[in-house]
$ cat coords-v1.txt   # compact mmCIF, C-alpha atoms and all ligand atoms
# COMPACT_ATOMS: atom_id res chain seq x y z
CA MET A 1 0.00 0.00 0.00
CA ARG A 2 1.49 3.34 -1.01
CA GLY A 3 0.25 6.54 0.60
CA VAL A 4 -0.58 9.25 -1.92
CA ALA A 5 -1.08 13.00 -1.62
CA VAL A 6 -2.98 14.73 -4.42
CA LEU A 7 -2.22 18.45 -4.53
CA GLY A 8 -4.73 20.31 -6.69
CA SER A 9 -7.23 17.47 -6.39
CA THR A 10 -10.16 19.49 -7.76
CA GLY A 11 -8.43 20.31 -11.06
CA SER A 12 -8.27 18.45 -14.34
CA ILE A 13 -5.18 16.37 -13.46
CA GLY A 14 -6.32 16.07 -9.82
CA GLU A 15 -9.65 14.53 -10.88
CA SER A 16 -7.89 12.19 -13.34
CA ALA A 17 -5.52 11.16 -10.54
CA LEU A 18 -8.44 10.36 -8.25
CA ALA A 19 -10.05 8.33 -11.07
CA VAL A 20 -6.84 6.26 -11.23
CA LEU A 21 -6.66 5.90 -7.43
CA ARG A 22 -10.36 4.97 -7.24
CA ARG A 23 -9.66 2.03 -9.57
CA HIS A 24 -6.75 0.70 -7.46
CA PRO A 25 -7.78 0.78 -3.79
CA GLU A 26 -5.68 -2.34 -3.12
CA ARG A 27 -2.47 -0.50 -4.09
CA PHE A 28 -2.94 3.11 -3.08
CA ARG A 29 -4.31 4.93 -0.07
CA VAL A 30 -5.23 8.60 -0.41
CA VAL A 31 -3.55 10.21 2.61
CA ALA A 32 -3.80 13.90 1.73
CA LEU A 33 -5.90 16.09 -0.54
CA THR A 34 -5.51 19.80 -1.20
CA ALA A 35 -7.45 22.23 -3.37
CA GLY A 36 -7.19 25.92 -4.15
CA SER A 37 -10.66 27.19 -3.40
CA ASN A 38 -13.34 24.71 -4.57
CA ALA A 39 -14.59 23.75 -1.10
CA ASP A 40 -17.72 21.95 -2.36
CA ARG A 41 -15.85 19.54 -4.61
CA LEU A 42 -13.11 19.02 -2.04
CA LYS A 43 -15.74 18.06 0.54
CA GLN A 44 -17.15 15.38 -1.80
CA GLN A 45 -13.65 14.02 -2.38
CA VAL A 46 -12.95 13.96 1.34
CA GLU A 47 -16.15 12.01 1.95
CA GLU A 48 -15.20 9.47 -0.69
CA PHE A 49 -11.47 9.00 0.01
CA ARG A 50 -11.30 9.70 3.78
CA PRO A 51 -7.78 11.23 3.81
CA GLU A 52 -5.88 12.03 7.03
CA PHE A 53 -5.02 15.52 5.83
CA VAL A 54 -7.15 18.06 3.98
CA GLY A 55 -5.89 21.41 2.76
CA LEU A 56 -7.93 24.27 1.38
CA VAL A 57 -5.24 26.72 0.34
CA ASN A 58 -7.47 29.74 -0.21
CA GLY A 59 -9.96 28.60 2.38
CA ALA A 60 -9.89 31.15 5.18
CA LYS A 61 -13.55 31.92 4.51
CA THR A 62 -14.92 28.61 3.24
CA HIS A 63 -13.20 25.96 5.35
CA ARG A 64 -16.25 25.63 7.63
CA LEU A 65 -17.98 23.85 4.77
CA ILE A 66 -15.42 21.06 4.95
CA ASP A 67 -14.89 21.10 8.68
CA GLU A 68 -18.51 20.10 9.27
CA GLY A 69 -18.77 16.36 9.81
CA LEU A 70 -15.01 15.79 9.54
CA PRO A 71 -13.73 13.12 12.00
CA ALA A 72 -11.58 14.62 14.77
CA SER A 73 -8.57 12.57 13.60
CA VAL A 74 -8.43 14.45 10.28
CA ARG A 75 -6.19 17.49 10.12
CA LEU A 76 -7.73 20.39 8.22
CA CYS A 77 -5.45 23.15 7.00
CA ALA A 78 -7.02 26.33 5.67
CA TYR A 79 -5.30 29.64 5.05
CA SER A 80 -5.76 32.57 2.85
CA SER A 81 -3.32 31.99 0.05
CA SER A 82 -0.25 30.42 1.65
CA PRO A 83 1.85 27.44 0.50
CA SER A 84 1.90 26.01 4.05
CA CYS A 85 -0.98 23.56 3.45
CA LEU A 86 0.68 22.25 0.31
CA ILE A 87 4.00 21.78 2.09
CA GLU A 88 2.35 20.04 5.02
CA ALA A 89 0.50 17.67 2.67
CA ALA A 90 3.65 17.04 0.60
CA THR A 91 5.74 16.12 3.64
CA HIS A 92 3.07 14.19 5.58
CA PRO A 93 4.72 11.09 7.12
CA GLY A 94 2.09 8.73 5.65
CA VAL A 95 2.72 9.95 2.11
CA ASP A 96 5.03 8.04 -0.27
CA VAL A 97 4.01 9.69 -3.55
CA VAL A 98 3.01 13.32 -4.03
CA ILE A 99 0.99 13.98 -7.17
CA ASN A 100 1.64 17.67 -7.75
CA ALA A 101 -1.28 18.82 -9.90
CA VAL A 102 -1.29 22.44 -8.76
CA VAL A 103 -1.19 24.89 -11.65
CA GLY A 104 1.56 27.48 -11.94
CA PHE A 105 4.40 28.81 -9.80
CA ALA A 106 2.27 28.14 -6.70
CA GLY A 107 3.30 24.46 -6.99
CA LEU A 108 7.04 25.02 -6.55
CA ASP A 109 7.29 25.02 -2.74
CA ALA A 110 5.50 21.68 -2.47
CA THR A 111 7.75 20.06 -5.09
CA LEU A 112 10.86 21.21 -3.24
CA ALA A 113 9.53 20.18 0.17
CA ALA A 114 8.45 16.71 -1.02
CA LEU A 115 11.81 16.01 -2.69
CA ARG A 116 13.72 17.20 0.37
CA ALA A 117 11.58 14.84 2.45
CA GLY A 118 12.57 11.92 0.20
CA LYS A 119 9.19 11.45 -1.49
CA ARG A 120 8.44 10.47 -5.05
CA VAL A 121 6.91 13.43 -6.84
CA ALA A 122 4.57 12.53 -9.70
CA LEU A 123 5.01 15.90 -11.33
CA ALA A 124 2.27 17.48 -13.41
CA ASN A 125 3.27 20.96 -12.21
CA LYS A 126 5.83 21.59 -14.97
CA GLU A 127 6.23 25.18 -13.73
CA SER A 128 8.31 23.80 -10.81
CA LEU A 129 11.01 22.61 -13.21
CA VAL A 130 10.71 25.56 -15.56
CA THR A 131 11.15 28.20 -12.86
CA ALA A 132 13.65 26.47 -10.59
CA GLY A 133 14.97 23.41 -12.45
CA SER A 134 18.44 23.31 -10.86
CA LEU A 135 17.05 23.86 -7.34
CA VAL A 136 14.47 21.12 -7.85
CA LEU A 137 17.15 18.64 -8.97
CA GLU A 138 19.32 19.72 -6.04
CA ALA A 139 16.43 19.15 -3.60
CA ALA A 140 15.97 15.63 -4.99
CA ARG A 141 19.68 14.87 -4.59
CA ALA A 142 19.80 16.28 -1.08
CA GLY A 143 16.65 14.60 0.21
CA GLY A 144 16.65 11.38 -1.81
CA GLY A 145 13.35 12.17 -3.50
CA GLU A 146 12.62 11.33 -7.13
CA ILE A 147 10.77 13.17 -9.87
CA ILE A 148 8.58 11.15 -12.21
CA PRO A 149 6.91 13.19 -14.93
CA VAL A 150 3.14 13.12 -15.44
CA ASP A 151 3.23 15.39 -18.50
CA SER A 152 2.30 13.00 -21.33
CA GLU A 153 5.29 13.80 -23.57
CA HIS A 154 7.79 13.37 -20.75
CA SER A 155 6.10 10.21 -19.54
CA ALA A 156 6.41 8.96 -23.14
CA VAL A 157 10.15 9.70 -23.12
CA LEU A 158 10.56 7.93 -19.77
CA GLN A 159 8.67 4.91 -21.12
CA CYS A 160 10.88 4.81 -24.25
CA LEU A 161 13.98 5.00 -22.05
CA ALA A 162 12.88 2.17 -19.74
CA GLY A 163 15.50 -0.55 -20.06
CA ALA A 164 17.70 1.48 -22.44
CA ARG A 165 21.41 0.88 -21.86
CA SER A 166 22.43 3.96 -23.85
CA ALA A 167 21.61 7.59 -23.36
CA PRO A 168 19.33 9.13 -25.99
CA SER A 169 20.88 11.44 -28.56
CA ARG A 170 17.71 13.45 -29.23
CA LEU A 171 14.15 13.83 -27.97
CA VAL A 172 11.25 14.97 -30.13
CA LEU A 173 8.17 16.09 -28.22
CA THR A 174 4.91 16.19 -30.13
CA ALA A 175 2.50 19.13 -30.01
CA SER A 176 -1.13 19.00 -31.10
CA GLY A 177 -0.72 22.50 -32.50
CA GLY A 178 -3.64 23.73 -30.41
CA PRO A 179 -6.94 25.20 -31.60
CA PHE A 180 -5.24 27.81 -33.83
CA ARG A 181 -2.87 25.45 -35.67
CA THR A 182 -4.19 26.42 -39.11
CA TRP A 183 -5.57 29.93 -38.37
CA GLU A 184 -4.30 33.11 -40.02
CA PRO A 185 -2.29 35.37 -37.63
CA ASP A 186 -4.89 38.19 -37.67
CA ARG A 187 -7.67 35.87 -36.65
CA ILE A 188 -5.51 34.36 -33.87
CA ALA A 189 -4.70 37.83 -32.48
CA SER A 190 -8.37 38.50 -31.76
CA ALA A 191 -9.42 34.98 -30.71
CA THR A 192 -11.88 34.82 -27.82
CA VAL A 193 -11.44 33.01 -24.51
CA THR A 194 -13.98 30.37 -25.59
CA GLU A 195 -12.04 29.74 -28.80
CA ALA A 196 -8.73 29.51 -26.96
CA LEU A 197 -10.15 26.98 -24.50
CA GLN A 198 -11.43 24.69 -27.26
CA HIS A 199 -8.48 22.33 -27.41
CA PRO A 200 -8.76 19.84 -30.26
CA THR A 201 -7.51 16.71 -28.46
CA TRP A 202 -7.18 17.29 -24.68
CA ARG A 203 -9.59 18.51 -21.97
CA MET A 204 -7.48 20.47 -19.49
CA GLY A 205 -7.51 23.34 -17.02
CA SER A 206 -7.84 26.83 -18.49
CA LYS A 207 -4.24 28.02 -17.97
CA ILE A 208 -2.62 25.09 -19.80
CA SER A 209 -5.31 25.24 -22.49
CA VAL A 210 -4.32 28.83 -23.27
CA ASP A 211 -0.64 27.79 -23.16
CA SER A 212 -1.45 25.14 -25.75
CA ALA A 213 -3.14 27.74 -27.95
CA THR A 214 -0.05 30.02 -27.85
CA LEU A 215 2.32 27.00 -27.97
CA VAL A 216 4.03 28.46 -24.90
CA ASN A 217 3.20 25.11 -23.31
CA LYS A 218 5.62 23.41 -25.69
CA ALA A 219 8.41 25.81 -24.73
CA LEU A 220 7.71 25.06 -21.06
CA GLU A 221 7.90 21.36 -21.94
CA ILE A 222 11.25 21.73 -23.71
CA ILE A 223 12.66 23.37 -20.56
CA GLU A 224 11.03 20.65 -18.45
CA ALA A 225 12.65 17.96 -20.65
CA HIS A 226 16.04 19.67 -20.39
CA PHE A 227 16.01 19.31 -16.61
CA LEU A 228 14.33 15.90 -16.43
CA PHE A 229 16.53 14.13 -18.95
CA GLY A 230 19.70 16.24 -18.79
CA LEU A 231 19.93 16.89 -22.55
CA SER A 232 21.20 20.15 -24.00
CA TYR A 233 18.69 22.31 -25.88
CA ASP A 234 20.29 21.34 -29.24
CA ARG A 235 19.03 17.82 -28.66
CA LEU A 236 15.44 18.76 -27.92
CA ASP A 237 12.95 19.21 -30.76
CA VAL A 238 9.22 19.64 -31.27
CA VAL A 239 6.99 18.44 -34.09
CA VAL A 240 3.31 19.24 -34.57
CA HIS A 241 1.17 16.10 -34.64
CA PRO A 242 -2.52 17.06 -34.71
CA GLN A 243 -3.86 13.61 -33.74
CA SER A 244 -1.97 13.51 -30.38
CA ILE A 245 -1.43 9.75 -30.69
CA VAL A 246 2.37 9.73 -30.67
CA HIS A 247 3.40 11.49 -27.46
CA ALA A 248 7.17 11.66 -28.01
CA PHE A 249 10.05 10.17 -30.00
CA VAL A 250 13.41 9.19 -28.57
CA GLU A 251 16.38 8.90 -30.91
CA PHE A 252 19.52 6.91 -30.14
CA GLU A 253 23.06 7.25 -31.46
CA ASP A 254 22.55 4.47 -34.03
CA GLY A 255 19.65 6.41 -35.59
CA SER A 256 16.91 4.23 -34.11
CA MET A 257 13.73 6.07 -33.05
CA LEU A 258 11.41 4.80 -30.34
CA ALA A 259 7.98 6.33 -29.79
CA GLN A 260 5.21 5.89 -27.26
CA LEU A 261 1.66 5.89 -28.60
CA GLY A 262 -1.84 5.88 -27.21
CA ILE A 263 -5.25 7.52 -27.24
CA PRO A 264 -4.88 10.90 -25.49
CA SER A 265 -5.56 10.36 -21.77
CA MET A 266 -3.72 11.60 -18.71
CA GLU A 267 -4.68 8.54 -16.66
CA LEU A 268 -1.98 6.42 -18.24
CA PRO A 269 0.93 8.78 -17.43
CA ILE A 270 -0.52 9.28 -13.93
CA LEU A 271 -0.69 5.51 -13.30
CA TYR A 272 2.81 5.04 -14.73
CA ALA A 273 4.18 7.76 -12.44
CA LEU A 274 2.65 5.90 -9.48
CA THR A 275 3.88 2.41 -10.43
CA TYR A 276 7.16 3.23 -12.27
CA PRO A 277 9.33 1.32 -13.12
CA GLU A 278 6.65 -1.34 -13.20
CA ARG A 279 3.46 -1.41 -15.18
CA VAL A 280 0.60 -2.60 -13.05
CA GLY A 281 -3.14 -2.21 -13.30
CA ASP A 282 -5.21 -0.85 -16.14
CA ALA A 283 -5.17 2.87 -16.81
CA GLY A 284 -8.72 2.53 -18.12
CA THR A 285 -7.94 4.14 -21.47
CA ARG A 286 -9.53 2.96 -24.70
CA ARG A 287 -7.19 0.48 -26.42
CA PHE A 288 -5.36 1.78 -29.44
CA ASP A 289 -6.37 0.42 -32.87
CA PRO A 290 -3.95 1.55 -35.61
CA VAL A 291 -6.52 1.11 -38.38
CA ALA A 292 -9.25 3.00 -36.53
CA ALA A 293 -6.76 5.75 -35.62
CA GLY A 294 -6.30 6.55 -39.31
CA PRO A 295 -3.41 8.58 -40.74
CA LEU A 296 -0.90 10.07 -38.30
CA THR A 297 0.52 13.31 -39.65
CA PHE A 298 3.45 15.52 -38.68
CA GLU A 299 4.31 19.12 -39.58
CA PRO A 300 6.70 21.83 -38.38
CA VAL A 301 5.77 24.48 -35.81
CA ARG A 302 4.82 27.79 -37.50
CA LEU A 303 7.57 29.68 -35.70
CA GLU A 304 6.72 33.08 -37.18
CA VAL A 305 3.11 32.78 -35.92
CA PHE A 306 3.63 31.15 -32.51
CA ARG A 307 6.49 33.38 -31.41
CA GLY A 308 6.08 32.61 -27.72
CA PHE A 309 7.34 29.12 -28.45
CA ALA A 310 10.72 30.16 -29.87
CA LEU A 311 11.08 32.87 -27.22
CA GLY A 312 10.47 30.35 -24.43
CA VAL A 313 13.09 27.97 -25.76
CA GLU A 314 15.54 30.88 -26.07
CA MET A 315 14.85 31.88 -22.44
CA GLY A 316 15.44 28.26 -21.45
CA ARG A 317 18.82 28.30 -23.19
CA LYS A 318 19.80 31.54 -21.43
CA GLY A 319 19.11 29.85 -18.10
CA GLY A 320 19.36 31.62 -14.73
CA SER A 321 16.38 33.87 -14.12
CA ALA A 322 15.31 33.84 -17.81
CA PRO A 323 12.93 30.83 -17.73
CA THR A 324 11.50 32.02 -14.37
CA VAL A 325 10.74 35.41 -15.88
CA PHE A 326 9.31 33.86 -19.04
CA ASN A 327 7.00 31.68 -16.94
CA ALA A 328 5.86 34.49 -14.65
CA ALA A 329 5.17 36.89 -17.53
CA ASN A 330 3.18 34.15 -19.22
CA GLU A 331 1.16 33.35 -16.08
CA ALA A 332 0.31 37.02 -15.58
CA ALA A 333 -0.56 37.58 -19.25
CA VAL A 334 -2.70 34.43 -19.46
CA ALA A 335 -4.59 35.46 -16.31
CA ALA A 336 -5.27 38.88 -17.88
CA PHE A 337 -6.52 37.22 -21.08
CA LEU A 338 -8.79 34.81 -19.16
CA ASP A 339 -10.17 37.86 -17.30
CA ASN A 340 -10.95 39.51 -20.66
CA ARG A 341 -8.55 42.34 -19.83
CA ILE A 342 -6.39 41.82 -22.96
CA PRO A 343 -6.92 40.24 -26.38
CA PHE A 344 -5.26 36.91 -27.20
CA GLY A 345 -2.57 38.54 -29.36
CA ARG A 346 -1.38 40.63 -26.43
CA ILE A 347 -0.21 37.57 -24.45
CA GLY A 348 2.81 37.01 -26.69
CA GLU A 349 3.55 40.74 -26.94
CA LEU A 350 3.63 41.13 -23.15
CA ILE A 351 5.93 38.16 -22.64
CA GLU A 352 8.25 39.46 -25.33
CA ARG A 353 8.40 42.94 -23.75
CA VAL A 354 9.13 41.54 -20.29
CA ALA A 355 11.79 39.21 -21.69
CA THR A 356 13.48 42.08 -23.54
CA ASP A 357 13.44 44.29 -20.43
CA HIS A 358 14.95 41.61 -18.22
CA ASP A 359 18.63 41.36 -17.29
CA VAL A 360 19.32 37.70 -16.65
CA THR A 361 20.81 36.89 -13.25
CA PRO A 362 21.81 33.58 -11.69
CA VAL A 363 19.17 32.00 -9.45
CA ASP A 364 20.97 29.98 -6.80
CA THR A 365 18.33 30.27 -4.11
CA VAL A 366 14.56 29.95 -3.94
CA GLU A 367 14.46 33.58 -2.82
CA ALA A 368 16.21 34.62 -6.05
CA VAL A 369 13.63 32.63 -8.03
CA ARG A 370 10.80 34.30 -6.13
CA GLU A 371 12.36 37.71 -6.75
CA ALA A 372 12.56 37.08 -10.54
CA ASP A 373 8.97 35.84 -10.52
CA ARG A 374 7.77 38.92 -8.61
CA TRP A 375 9.69 41.26 -10.91
CA ALA A 376 8.14 39.83 -14.07
CA ARG A 377 4.59 39.92 -12.67
CA ALA A 378 5.07 43.54 -11.58
CA ARG A 379 6.42 44.41 -15.03
CA VAL A 380 3.31 42.91 -16.68
CA ARG A 381 1.08 44.96 -14.34
CA GLU A 382 3.05 48.09 -15.27
CA LEU A 383 2.72 47.38 -18.99
CA LEU A 384 -1.01 46.91 -18.50
CA GLY A 385 -1.18 50.26 -16.68
CA GLU A 386 -2.40 48.62 -13.48
P1 LIG B 1 -6.54 23.06 -13.17
O1 LIG B 1 -6.67 24.51 -13.22
O2 LIG B 1 -7.62 22.21 -13.75
O3 LIG B 1 -6.33 22.58 -11.65
C1 LIG B 1 -5.44 23.21 -10.79
C2 LIG B 1 -5.58 22.73 -9.37
O4 LIG B 1 -4.68 23.45 -8.54
C3 LIG B 1 -6.97 22.93 -8.76
O5 LIG B 1 -7.26 21.90 -7.86
C4 LIG B 1 -6.82 24.25 -8.02
O6 LIG B 1 -7.72 24.35 -6.94
C5 LIG B 1 -5.41 24.15 -7.52
N1 LIG B 1 -4.79 25.47 -7.36
C6 LIG B 1 -4.86 26.51 -8.22
N2 LIG B 1 -4.15 27.56 -7.74
C7 LIG B 1 -3.64 27.16 -6.56
C8 LIG B 1 -2.82 27.80 -5.58
N3 LIG B 1 -2.40 29.06 -5.71
N4 LIG B 1 -2.45 27.09 -4.49
C9 LIG B 1 -2.87 25.83 -4.34
N5 LIG B 1 -3.65 25.16 -5.22
C10 LIG B 1 -4.03 25.83 -6.32
O7 LIG B 1 -5.14 22.71 -13.87
P2 LIG B 1 -4.70 21.34 -14.59
O8 LIG B 1 -5.08 21.39 -16.03
O9 LIG B 1 -5.12 20.17 -13.78
O10 LIG B 1 -3.11 21.47 -14.55
C11 LIG B 1 -2.36 21.26 -13.37
C12 LIG B 1 -0.89 21.18 -13.72
O11 LIG B 1 -0.68 20.04 -14.55
C13 LIG B 1 -0.38 22.38 -14.54
O12 LIG B 1 0.94 22.65 -14.17
C14 LIG B 1 -0.42 21.88 -15.98
O13 LIG B 1 0.54 22.52 -16.79
C15 LIG B 1 -0.08 20.40 -15.78
N6 LIG B 1 -0.56 19.52 -16.84
C16 LIG B 1 -1.90 19.40 -17.05
C17 LIG B 1 -2.38 18.55 -18.04
C18 LIG B 1 -3.86 18.34 -18.25
O14 LIG B 1 -4.24 17.47 -19.02
N7 LIG B 1 -4.72 19.07 -17.59
C19 LIG B 1 -1.47 17.84 -18.84
C20 LIG B 1 -0.10 17.99 -18.59
C21 LIG B 1 0.34 18.83 -17.59
MG MG B 2 2.18 17.90 -22.21
$ encode --input "coords-v1.txt" --output "structure tokens"
Amino acid sequence: MRGVAVLGSTGSIGESALAVLRRHPERFRVVALTAGSNADRLKQQVEEFRPEFVGLVNGAKTHRLIDEGLPASVRLCAYSSSPSCLIEAATHPGVDVVINAVVGFAGLDATLAALRAGKRVALANKESLVTAGSLVLEAARAGGGEIIPVDSEHSAVLQCLAGARSAPSRLVLTASGGPFRTWEPDRIASATVTEALQHPTWRMGSKISVDSATLVNKALEIIEAHFLFGLSYDRLDVVVHPQSIVHAFVEFEDGSMLAQLGIPSMELPILYALTYPERVGDAGTRRFDPVAAGPLTFEPVRLEVFRGFALGVEMGRKGGSAPTVFNAANEAAVAAFLDNRIPFGRIGELIERVATDHDVTPVDTVEAVREADRWARARVRELLGE
């Protein structure tokens, strides 16, 4: 029996994780659940899974909802916007695996704390690696924790590398191309929130859906792959594959290419992150039929249209505070777009402005990372006249 914490349990990945855990009660025990602010859904989950620890991160006002009827043995943590509940859940003594499904920079502290405490982190929160990759790897080394990716492309790479005796020479991550893959630039610039959230192959939370529409998500994933697999940026490529059946390719020195395929579903990478290096249980996904799947096609990224992609990779290459700043500017710009404060086309413009204005510094401490993050968010607010 492995004890599991699900951070961000009310989100898209969080719910998929609970679907996986629900199917395997003989293997996994849900020890801790945390949510941002959806107290109603969290309460239902608590009633079903009976965890020992419940965290409502932005729950100063709503935690009473959950508190009612909770056995005295359960610890309830509710603050107004503090990482403490996430850290407590991530380091809980009964937890072996932390599924970090929090969205954005807010997930970093829990990743670091879990790794320092020697836990396995099933990492969906790619922003942890993007903003503080070296510090995250250092925390794993120091505490004996391990990072297993949940992101489907990185899970695909890990699956292709299982049993490999040689290091890969190149990774190719696939991208669906998002909802605007074939749109003209003018039409993309004025796309609505509803259009941006209509992802062709995946159902996801709103932030990552917008990132998929700008292709910024793929830049974040290249940076994530750089830290996870230790390959230089020259050895990391992206190809657009609208069907989202092939999740990644791994090339070896002899020219051989391995790929991992499957119907798009996050339950498989979540289960694999829980059971790695073994494969146990059924992820519940529809079985793949090559004939029914039809043609699989591949095309290059339209770099001149999706400029946030190339910029993100460039910021990754620069290292230091550059990827932190790129991520923070993106988070702030995406939030403004989702709030209808800026048009879609402005997201890329804002990130580019912030990136140009930034002088890259080394980030050797979490405080330095936080400072770079704060600076970029403040710069976006300034540019928006707020
Ligand atoms: P989501 O918005 O659906 O869910 C986010 C969860 O985090 C919710 O439970 C929310 O309550 C919680 N949360 C939000 N802000 C918080 C804060 N400040 N503090 C604590 N908790 C907070 O997002 P998602 O689509 O599930 O994505 C989660 C992470 O997984 C992201 O980093 C995303 O890039 C990554 N990811 C998602 C998918 C997918 O299919 N959804 C695929 C690959 C990677
Ligand atoms: Mg992905």
$ closest_atom_pairs --input "coords-v1.txt" --of "chain A" --to "ligand MG 2 (chain B)" --cutoff "12 Å" --atoms "all atoms listed in the file" --output "JSON lines"
{"residue": "A:Ile13", "atom": "CA", "partner": "B:MG2", "partner_atom": "MG", "distance": 11.5}
{"residue": "A:Leu123", "atom": "CA", "partner": "B:MG2", "partner_atom": "MG", "distance": 11.4}
{"residue": "A:Ala124", "atom": "CA", "partner": "B:MG2", "partner_atom": "MG", "distance": 8.8}
{"residue": "A:Asn125", "atom": "CA", "partner": "B:MG2", "partner_atom": "MG", "distance": 10.5}
{"residue": "A:Lys126", "atom": "CA", "partner": "B:MG2", "partner_atom": "MG", "distance": 8.9}
{"residue": "A:Glu127", "atom": "CA", "partner": "B:MG2", "partner_atom": "MG", "distance": 11.9}
{"residue": "A:Pro149", "atom": "CA", "partner": "B:MG2", "partner_atom": "MG", "distance": 9.9}
{"residue": "A:Val150", "atom": "CA", "partner": "B:MG2", "partner_atom": "MG", "distance": 8.3}
{"residue": "A:Asp151", "atom": "CA", "partner": "B:MG2", "partner_atom": "MG", "distance": 4.6}
{"residue": "A:Ser152", "atom": "CA", "partner": "B:MG2", "partner_atom": "MG", "distance": 5.0}
{"residue": "A:Glu153", "atom": "CA", "partner": "B:MG2", "partner_atom": "MG", "distance": 5.3}
{"residue": "A:His154", "atom": "CA", "partner": "B:MG2", "partner_atom": "MG", "distance": 7.4}
{"residue": "A:Ser155", "atom": "CA", "partner": "B:MG2", "partner_atom": "MG", "distance": 9.0}
{"residue": "A:Ala156", "atom": "CA", "partner": "B:MG2", "partner_atom": "MG", "distance": 9.9}
{"residue": "A:Val157", "atom": "CA", "partner": "B:MG2", "partner_atom": "MG", "distance": 11.5}
{"residue": "A:Leu173", "atom": "CA", "partner": "B:MG2", "partner_atom": "MG", "distance": 8.7}
{"residue": "A:Thr174", "atom": "CA", "partner": "B:MG2", "partner_atom": "MG", "distance": 8.6}
{"residue": "A:Ala175", "atom": "CA", "partner": "B:MG2", "partner_atom": "MG", "distance": 7.9}
{"residue": "A:Ser176", "atom": "CA", "partner": "B:MG2", "partner_atom": "MG", "distance": 9.5}
{"residue": "A:Gly177", "atom": "CA", "partner": "B:MG2", "partner_atom": "MG", "distance": 11.6}
{"residue": "A:Gly178", "atom": "CA", "partner": "B:MG2", "partner_atom": "MG", "distance": 11.6}
{"residue": "A:Thr201", "atom": "CA", "partner": "B:MG2", "partner_atom": "MG", "distance": 11.6}
{"residue": "A:Trp202", "atom": "CA", "partner": "B:MG2", "partner_atom": "MG", "distance": 9.7}
{"residue": "A:Arg203", "atom": "CA", "partner": "B:MG2", "partner_atom": "MG", "distance": 11.8}
{"residue": "A:Met204", "atom": "CA", "partner": "B:MG2", "partner_atom": "MG", "distance": 10.4}
{"residue": "A:Ile208", "atom": "CA", "partner": "B:MG2", "partner_atom": "MG", "distance": 9.0}
{"residue": "A:Ser209", "atom": "CA", "partner": "B:MG2", "partner_atom": "MG", "distance": 10.5}
{"residue": "A:Asp211", "atom": "CA", "partner": "B:MG2", "partner_atom": "MG", "distance": 10.3}
{"residue": "A:Ser212", "atom": "CA", "partner": "B:MG2", "partner_atom": "MG", "distance": 8.8}
{"residue": "A:Leu215", "atom": "CA", "partner": "B:MG2", "partner_atom": "MG", "distance": 10.8}
{"residue": "A:Val216", "atom": "CA", "partner": "B:MG2", "partner_atom": "MG", "distance": 11.1}
{"residue": "A:Asn217", "atom": "CA", "partner": "B:MG2", "partner_atom": "MG", "distance": 7.4}
{"residue": "A:Lys218", "atom": "CA", "partner": "B:MG2", "partner_atom": "MG", "distance": 7.4}
{"residue": "A:Ala219", "atom": "CA", "partner": "B:MG2", "partner_atom": "MG", "distance": 10.4}
{"residue": "A:Leu220", "atom": "CA", "partner": "B:MG2", "partner_atom": "MG", "distance": 9.1}
{"residue": "A:Glu221", "atom": "CA", "partner": "B:MG2", "partner_atom": "MG", "distance": 6.7}
{"residue": "A:Ile222", "atom": "CA", "partner": "B:MG2", "partner_atom": "MG", "distance": 10.0}
{"residue": "A:Ile223", "atom": "CA", "partner": "B:MG2", "partner_atom": "MG", "distance": 11.9}
{"residue": "A:Glu224", "atom": "CA", "partner": "B:MG2", "partner_atom": "MG", "distance": 10.0}
{"residue": "A:Ala225", "atom": "CA", "partner": "B:MG2", "partner_atom": "MG", "distance": 10.6}
{"residue": "A:Val238", "atom": "CA", "partner": "B:MG2", "partner_atom": "MG", "distance": 11.6}
{"residue": "A:Ser244", "atom": "CA", "partner": "B:MG2", "partner_atom": "MG", "distance": 10.2}
{"residue": "A:Val246", "atom": "CA", "partner": "B:MG2", "partner_atom": "MG", "distance": 11.8}
{"residue": "A:His247", "atom": "CA", "partner": "B:MG2", "partner_atom": "MG", "distance": 8.4}
{"residue": "A:Ala248", "atom": "CA", "partner": "B:MG2", "partner_atom": "MG", "distance": 9.9}
{"residue": "A:Pro264", "atom": "CA", "partner": "B:MG2", "partner_atom": "MG", "distance": 10.5}
{"residue": "A:Ser265", "atom": "CA", "partner": "B:MG2", "partner_atom": "MG", "distance": 10.8}
{"residue": "A:Met266", "atom": "CA", "partner": "B:MG2", "partner_atom": "MG", "distance": 9.3}
{"residue": "A:Pro269", "atom": "CA", "partner": "B:MG2", "partner_atom": "MG", "distance": 10.4}
$ atom_distance --input "coords-v1.txt" --atom1 "CA of Pro295 in chain A" --atom2 "CA of Gly255 in chain A"
23.7 Å
$ axis_aligned_box --input "coords-v1.txt" --around "range 185-204 of chain A" --padding-each-side "5 Å" --output "AutoDock Vina command-line options"
--center_x -8.1 --center_y 27.6 --center_z -28.6 --size_x 21.7 --size_y 31.8 --size_z 28.2
$ closest_residue --input "coords-v1.txt" --among "A:Leu236, A:Val46, A:Ala322, A:Ala122" --to "ligand LIG 1 (chain B)" --atoms "all atoms listed in the file"
A:Ala122
$ atom_distance --input "coords-v1.txt" --atom1 "CA of Gln45 in chain A" --atom2 "CA of Glu331 in chain A"
27.9 Å
$ atom_distance --input "coords-v1.txt" --atom1 "CA of Phe309 in chain A" --atom2 "CA of Ser169 in chain A"
22.3 Å
$ closest_residue --input "coords-v1.txt" --among "A:Leu129, A:Ala139, A:Leu296, A:Leu228" --to "Leu108 in chain A" --atoms "only C-alpha atoms"
A:Leu129
$ residues_around --input "coords-v1.txt" --residues "Trp375 in chain A" --least-positions-apart "4" --cutoff "8 Å" --atoms "all atoms listed in the file" --output "VMD selection string"
chain A and resid 325 371 379
